[in-house]
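Have a look at the structure below, then the notes.
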Amino acid sequence: MNIVGCDFHPGWQQVAVFDMETGEIQERKLNNGNGEAESFYRRLSAPALVGLEASGNSQWFEDLLGRLGHEVWVGDAAQIRASYVRKQKTDKRDAAHILKLLLESRFPRIWRPTAGDRDLRQLLIHRHKLVQIRIRVKNGLQHLMLNRGVQMKRKLWSEAGQQALRELPLEGWAAQRRADLLHLLAALNDQIGKLEEAVSRAAKLDPGAQLLMTQPGVGPITALAFVVTLGDVRRFPRGKQVASYLGLIPTERSSSQHRRLGSISKQGNPFLRMLLVESAQSVNRLDEGFRKQYQHRCHRMATGVAKVAAARKLAVRLYWMLRTNTRYPEIAHIESSPR
């Protein structure tokens with residue numbers, strides 16, 4: 001059996017290969033684009049254990065190793081770097097260090113989602129990116145109106161507002177910009193509508209997402225994103241670990257008798273964290289018990305801090321709903337009952 005420490009880059013990779021039969025270590029630099037890396041792993045006797053740092057462009061490589069029968073371990077890049085004490089950093093040293101962690105059973109392996117969950121993540125991210133583009137298009141149309149002394153705010157997107165926008169006297173490139181932006185807006189609305197229908201269908205087919213949608217204010221987008229991001233909730237023994245996983249706990253620099261807390265760590269999935277903050281505002285409007293706690297926080301802290309605290313509470317509640325298979329309002333009754 002071979003154990004491979006891989007320092008992966010989009011164009012190439014540096015590997016350190018340990019042969020357990022001979023005890024030899026081989027170091028090589030492989031090109032990804034010309035098929036050299038694929039040929040190397042095809043010649044490698046399966047099953048080999050390959051360890052690499054988590055990165056955003058390695059999915060094709062992980063899929064290739066899986067098809068070839070090799071076992072892939074993906075490690076936490078920050079923990080791997082923190083365990084390396086030398087100040088000299090090179091690709092050869094990185095590959096050798098990953099190999100050393102694998103051999104010493106100290107490799108910080110992270111959980112990886114299934115292929116189906118990865119595909120649903122792409123659906124959610126694709127919709128989110130198109131929504132961001134639509135916001136920029138709408139802002140452009142608002143500026144056209146404001147530059148002509150007309151301020152309609154949200155009313156601009158009503159039927160009357162759209163009619164006023166089309167009748168706005170514009171000339172030259174301003175008129176061309178209006179026509180192009182309106183065409184883009186119509187196309188984006190159509191595409192986003194189709195994606196939202198796909199999200200709704202996927203959420204209806206997922207028991208976990210259906211369970212989370214019993215919470216007032218949590219729709220199919222947030223519910224599905226929570227399920228596919230956390231995966232098996234049994235990985236987390238407590239709600240505090242979920243909040244830490246999502247980056248919703250404060251940073252801390254404490255020593256001796258001094259405890260210093262800062263802003264949230266943001267060491268987690270930024271997309272789900274954003275959805276939780278947005279959904280918490282909807283939950284505040286629709287869930288009376290949740291709203292009372294939020295208003296109580298607003299008296300003691302800044303509104304922005306209270307919103308993040310509400311998002312953390314919502315994340316912990318959704319976690320326990322999945323962990324205990326408890327629907328709303330039973331979960332809210334359990335939270336409010338005296339202990």
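If you're wondering about the labels, chains in the structure tokens are A, B, ... by order shown, residues count from 1 in each chain, ligands from 1 in order shown.
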
| said: I'd like the contact shell of region 25-37 of chain A - 12 Å cut-off, only C-alpha atoms, skipping same-chain residues fewer than 2 positions apart - returned as a ChimeraX atom specification. | reply: /A:2-23,39-44,57-58,60-61,64-65,91-96,99-100,103

Selected residues written out, N, CA and C atoms, as a compact mmCIF listing (two decimals), in the first residue's frame:
```txt
# COMPACT_ATOMS: atom_id res chain seq x y z
N ASN A 2 0.41 2.27 -0.69
CA ASN A 2 1.13 3.54 -0.75
C ASN A 2 0.34 4.62 -0.01
N ILE A 3 1.06 5.50 0.64
CA ILE A 3 0.47 6.65 1.30
C ILE A 3 1.06 7.89 0.65
N VAL A 4 0.19 8.81 0.22
CA VAL A 4 0.61 9.95 -0.58
C VAL A 4 0.24 11.24 0.14
N GLY A 5 1.24 12.09 0.36
CA GLY A 5 1.01 13.45 0.83
C GLY A 5 1.04 14.36 -0.38
N CYS A 6 -0.06 15.07 -0.64
CA CYS A 6 -0.22 15.84 -1.86
C CYS A 6 -0.41 17.31 -1.54
N ASP A 7 0.47 18.15 -2.09
CA ASP A 7 0.30 19.61 -2.02
C ASP A 7 -0.32 20.03 -3.36
N PHE A 8 -1.65 20.20 -3.34
CA PHE A 8 -2.40 20.37 -4.59
C PHE A 8 -2.50 21.83 -4.99
N HIS A 9 -2.28 22.09 -6.29
CA HIS A 9 -2.50 23.39 -6.91
C HIS A 9 -3.34 23.17 -8.17
N PRO A 10 -4.07 24.20 -8.63
CA PRO A 10 -4.92 24.00 -9.81
C PRO A 10 -4.17 23.49 -11.04
N GLY A 11 -2.93 23.95 -11.26
CA GLY A 11 -2.20 23.55 -12.45
C GLY A 11 -1.28 22.37 -12.26
N TRP A 12 -0.84 22.14 -11.03
CA TRP A 12 0.11 21.05 -10.78
C TRP A 12 0.04 20.67 -9.31
N GLN A 13 0.79 19.66 -8.94
CA GLN A 13 0.81 19.19 -7.56
C GLN A 13 2.17 18.60 -7.22
N GLN A 14 2.55 18.74 -5.98
CA GLN A 14 3.77 18.15 -5.45
C GLN A 14 3.37 17.00 -4.53
N VAL A 15 3.94 15.82 -4.76
CA VAL A 15 3.56 14.65 -3.97
C VAL A 15 4.78 14.05 -3.30
N ALA A 16 4.54 13.47 -2.13
CA ALA A 16 5.52 12.66 -1.41
C ALA A 16 4.85 11.31 -1.17
N VAL A 17 5.41 10.25 -1.75
CA VAL A 17 4.79 8.92 -1.75
C VAL A 17 5.62 7.98 -0.88
N PHE A 18 4.95 7.37 0.09
CA PHE A 18 5.61 6.39 0.96
C PHE A 18 5.14 4.99 0.59
N ASP A 19 6.08 4.13 0.26
CA ASP A 19 5.79 2.73 -0.07
C ASP A 19 5.93 1.91 1.21
N MET A 20 4.84 1.34 1.70
CA MET A 20 4.86 0.62 2.96
C MET A 20 5.62 -0.70 2.86
N GLU A 21 5.79 -1.24 1.66
CA GLU A 21 6.52 -2.50 1.50
C GLU A 21 8.02 -2.28 1.56
N THR A 22 8.51 -1.25 0.89
CA THR A 22 9.96 -1.01 0.84
C THR A 22 10.43 0.04 1.83
N GLY A 23 9.50 0.89 2.30
CA GLY A 23 9.89 1.97 3.21
C GLY A 23 10.49 3.16 2.50
N SER A 39 -2.01 9.92 -15.06
CA SER A 39 -1.23 8.72 -15.39
C SER A 39 -0.50 8.19 -14.16
N PHE A 40 0.00 9.10 -13.33
CA PHE A 40 0.73 8.68 -12.13
C PHE A 40 -0.19 7.90 -11.19
N TYR A 41 -1.39 8.41 -10.96
CA TYR A 41 -2.30 7.74 -10.03
C TYR A 41 -2.91 6.48 -10.62
N ARG A 42 -2.97 6.39 -11.94
CA ARG A 42 -3.43 5.15 -12.56
C ARG A 42 -2.40 4.04 -12.38
N ARG A 43 -1.14 4.41 -12.42
CA ARG A 43 -0.07 3.40 -12.23
C ARG A 43 0.09 3.02 -10.77
N LEU A 44 -0.38 3.87 -9.87
CA LEU A 44 -0.25 3.60 -8.44
C LEU A 44 -1.18 2.46 -8.05
N ASN A 57 -10.81 24.04 -5.63
CA ASN A 57 -10.70 23.63 -7.03
C ASN A 57 -10.21 22.19 -7.19
N SER A 58 -10.41 21.39 -6.17
CA SER A 58 -9.87 20.03 -6.20
C SER A 58 -10.93 18.96 -6.39
N TRP A 60 -12.49 17.82 -9.05
CA TRP A 60 -12.24 16.89 -10.14
C TRP A 60 -11.16 15.88 -9.75
N PHE A 61 -10.19 16.33 -8.95
CA PHE A 61 -9.11 15.46 -8.52
C PHE A 61 -9.62 14.41 -7.54
N LEU A 64 -11.52 11.86 -9.48
CA LEU A 64 -10.61 10.98 -10.22
C LEU A 64 -10.04 9.90 -9.31
N LEU A 65 -9.59 10.29 -8.12
CA LEU A 65 -9.03 9.30 -7.20
C LEU A 65 -10.08 8.29 -6.77
N ASP A 91 6.77 23.90 -1.47
CA ASP A 91 5.83 22.86 -1.86
C ASP A 91 6.32 21.47 -1.45
N LYS A 92 7.62 21.24 -1.56
CA LYS A 92 8.16 19.94 -1.15
C LYS A 92 7.98 19.72 0.35
N ARG A 93 8.24 20.77 1.12
CA ARG A 93 8.05 20.65 2.57
C ARG A 93 6.58 20.42 2.92
N ASP A 94 5.68 21.10 2.20
CA ASP A 94 4.25 20.93 2.48
C ASP A 94 3.80 19.50 2.20
N ALA A 95 4.22 18.94 1.06
CA ALA A 95 3.84 17.57 0.73
C ALA A 95 4.42 16.59 1.75
N ALA A 96 5.68 16.81 2.14
CA ALA A 96 6.31 15.93 3.12
C ALA A 96 5.63 16.05 4.48
N LEU A 99 2.40 14.11 4.41
CA LEU A 99 2.73 12.68 4.51
C LEU A 99 3.07 12.30 5.95
N LYS A 100 3.82 13.15 6.62
CA LYS A 100 4.20 12.88 8.01
C LYS A 100 2.97 12.80 8.90
N LEU A 103 1.25 9.48 8.32
CA LEU A 103 1.97 8.35 8.90
C LEU A 103 1.86 8.31 10.41
```

| query | In Å to one decimal, how far is CA of Asp190 (chain A) from CA of Pro169 (chain A)? | reply | 27.2 Å

| task | Return the single residue from A:Leu101, A:Ile135, A:Ala198, A:Leu275 that is closest to Val218 (chain A), with distances computed using only C-alpha atoms. | result |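 The closest residue to Val218 (chain A) is A:Leu275.
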
| query | Pick the closest to Glu71 (chain A) from A:Ala48, A:Lys89, A:Leu146, A:Arg285: which is it, counting only C-alpha atoms? | reply | A:Ala48

| said: From the options A:Tyr328, A:Trp73, A:Tyr294, A:Tyr245, which residue's atoms come nearest to Met213 (chain A), counting only C-alpha atoms? | reply: A:Tyr328

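Take CA of Asn269 (chain A) and CA of Thr229 (chain A): the distance between them is 8.0 Å.
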
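Here CA of Thr90 (chain A) and CA of Val72 (chain A) stand 22.5 Å from one another.
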
Taking a cut-off of 8 Å and counting only C-alpha atoms, can you build a table that, for each residue of region 174-255 of chain A near region 305-327 of chain A, reports the nearest atom pair and how far apart they are in Å (one decimal), sorted by chain then residue number, as a Markdown table?
```
| residue | atom | partner | partner_atom | distance |
| --- | --- | --- | --- | --- |
| A:Gly208 | CA | A:Leu322 | CA | 6.4 |
| A:Leu211 | CA | A:Arg327 | CA | 6.0 |
| A:Leu212 | CA | A:Leu318 | CA | 6.3 |
| A:Thr214 | CA | A:Arg327 | CA | 6.3 |
| A:Gln215 | CA | A:Arg327 | CA | 7.6 |
| A:Val233 | CA | A:Arg323 | CA | 6.2 |
| A:Arg234 | CA | A:Arg323 | CA | 6.8 |
| A:Gly239 | CA | A:Val316 | CA | 5.0 |
| A:Lys240 | CA | A:Val316 | CA | 7.5 |
| A:Val242 | CA | A:Val316 | CA | 6.8 |
| A:Ala243 | CA | A:Arg312 | CA | 6.2 |
| A:Leu248 | CA | A:Arg312 | CA | 6.0 |
```

| Hey, what does DSSP flag as helix (DSSP H, G or I) within region 94-270 of chain A? Can you give it to me as a PyMOL selection string? | chain A and resi 94-103+115-146+153-157+159-167+172-205+207-212+220-230+233-235+239-245+270

| query | Taking the backbone alone, and naming residues the way the document does, which bits of region 245-296 of chain A are strand (DSSP E or B) by DSSP, as JSON, numbers by chain? | reply | {"A": [250, 251, 252, 255, 258, 261, 262, 263, 264]}

What lies within 8 Å of Val283 (chain A) using only C-alpha atoms, ignoring chain neighbours under 3 positions off, as a tab-separated table (two decimals) with N, CA, C and O atoms, in the first residue's frame?
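Saved file around.tsv follows:
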```
chain	number	residue	atom	x	y	z
A	215	GLN	N	-40.75	25.40	11.27
A	215	GLN	CA	-40.41	26.61	12.01
A	215	GLN	C	-40.89	27.82	11.21
A	215	GLN	O	-40.46	28.04	10.09
A	216	PRO	N	-41.78	28.66	11.77
A	216	PRO	CA	-42.23	29.85	11.04
A	216	PRO	C	-41.07	30.76	10.69
A	216	PRO	O	-40.22	31.07	11.54
A	217	GLY	N	-41.01	31.20	9.45
A	217	GLY	CA	-39.95	32.09	9.00
A	217	GLY	C	-38.81	31.38	8.30
A	217	GLY	O	-37.93	32.04	7.74
A	218	VAL	N	-38.79	30.06	8.34
A	218	VAL	CA	-37.75	29.28	7.67
A	218	VAL	C	-38.35	28.68	6.41
A	218	VAL	O	-39.26	27.85	6.47
A	279	SER	N	-32.98	34.83	7.75
A	279	SER	CA	-34.14	34.07	8.22
A	279	SER	C	-34.53	34.44	9.64
A	279	SER	O	-35.71	34.40	10.00
A	280	ALA	N	-33.53	34.82	10.45
A	280	ALA	CA	-33.83	35.21	11.83
A	280	ALA	C	-34.77	36.40	11.88
A	280	ALA	O	-35.61	36.52	12.78
A	286	LEU	N	-42.67	36.26	12.87
A	286	LEU	CA	-43.70	35.23	12.88
A	286	LEU	C	-43.74	34.39	14.15
A	286	LEU	O	-44.74	33.73	14.42
A	287	ASP	N	-42.67	34.38	14.93
A	287	ASP	CA	-42.59	33.56	16.14
A	287	ASP	C	-42.56	34.50	17.34
A	287	ASP	O	-41.58	35.20	17.58
A	290	PHE	N	-39.75	33.86	19.97
A	290	PHE	CA	-38.45	34.24	19.43
A	290	PHE	C	-38.32	35.77	19.39
A	290	PHE	O	-37.26	36.32	19.69
A	291	ARG	N	-39.42	36.45	19.01
A	291	ARG	CA	-39.39	37.91	18.91
A	291	ARG	C	-39.16	38.56	20.28
A	291	ARG	O	-38.42	39.54	20.39
```

| request: Determine the nearest neighbour of Arg118 (chain A) from the options A:Gly140, A:Gly149, A:Gly161, A:Gly231, counting only C-alpha atoms. | output: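 For Arg118 (chain A), the nearest of the candidates is A:Gly231.
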
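Those residues that approach Met145 (chain A) to within 8 Å, counting only C-alpha atoms, are Val150, Gln151, Leu165 and Leu168 of chain A; same-chain residues fewer than 5 positions away are not listed.
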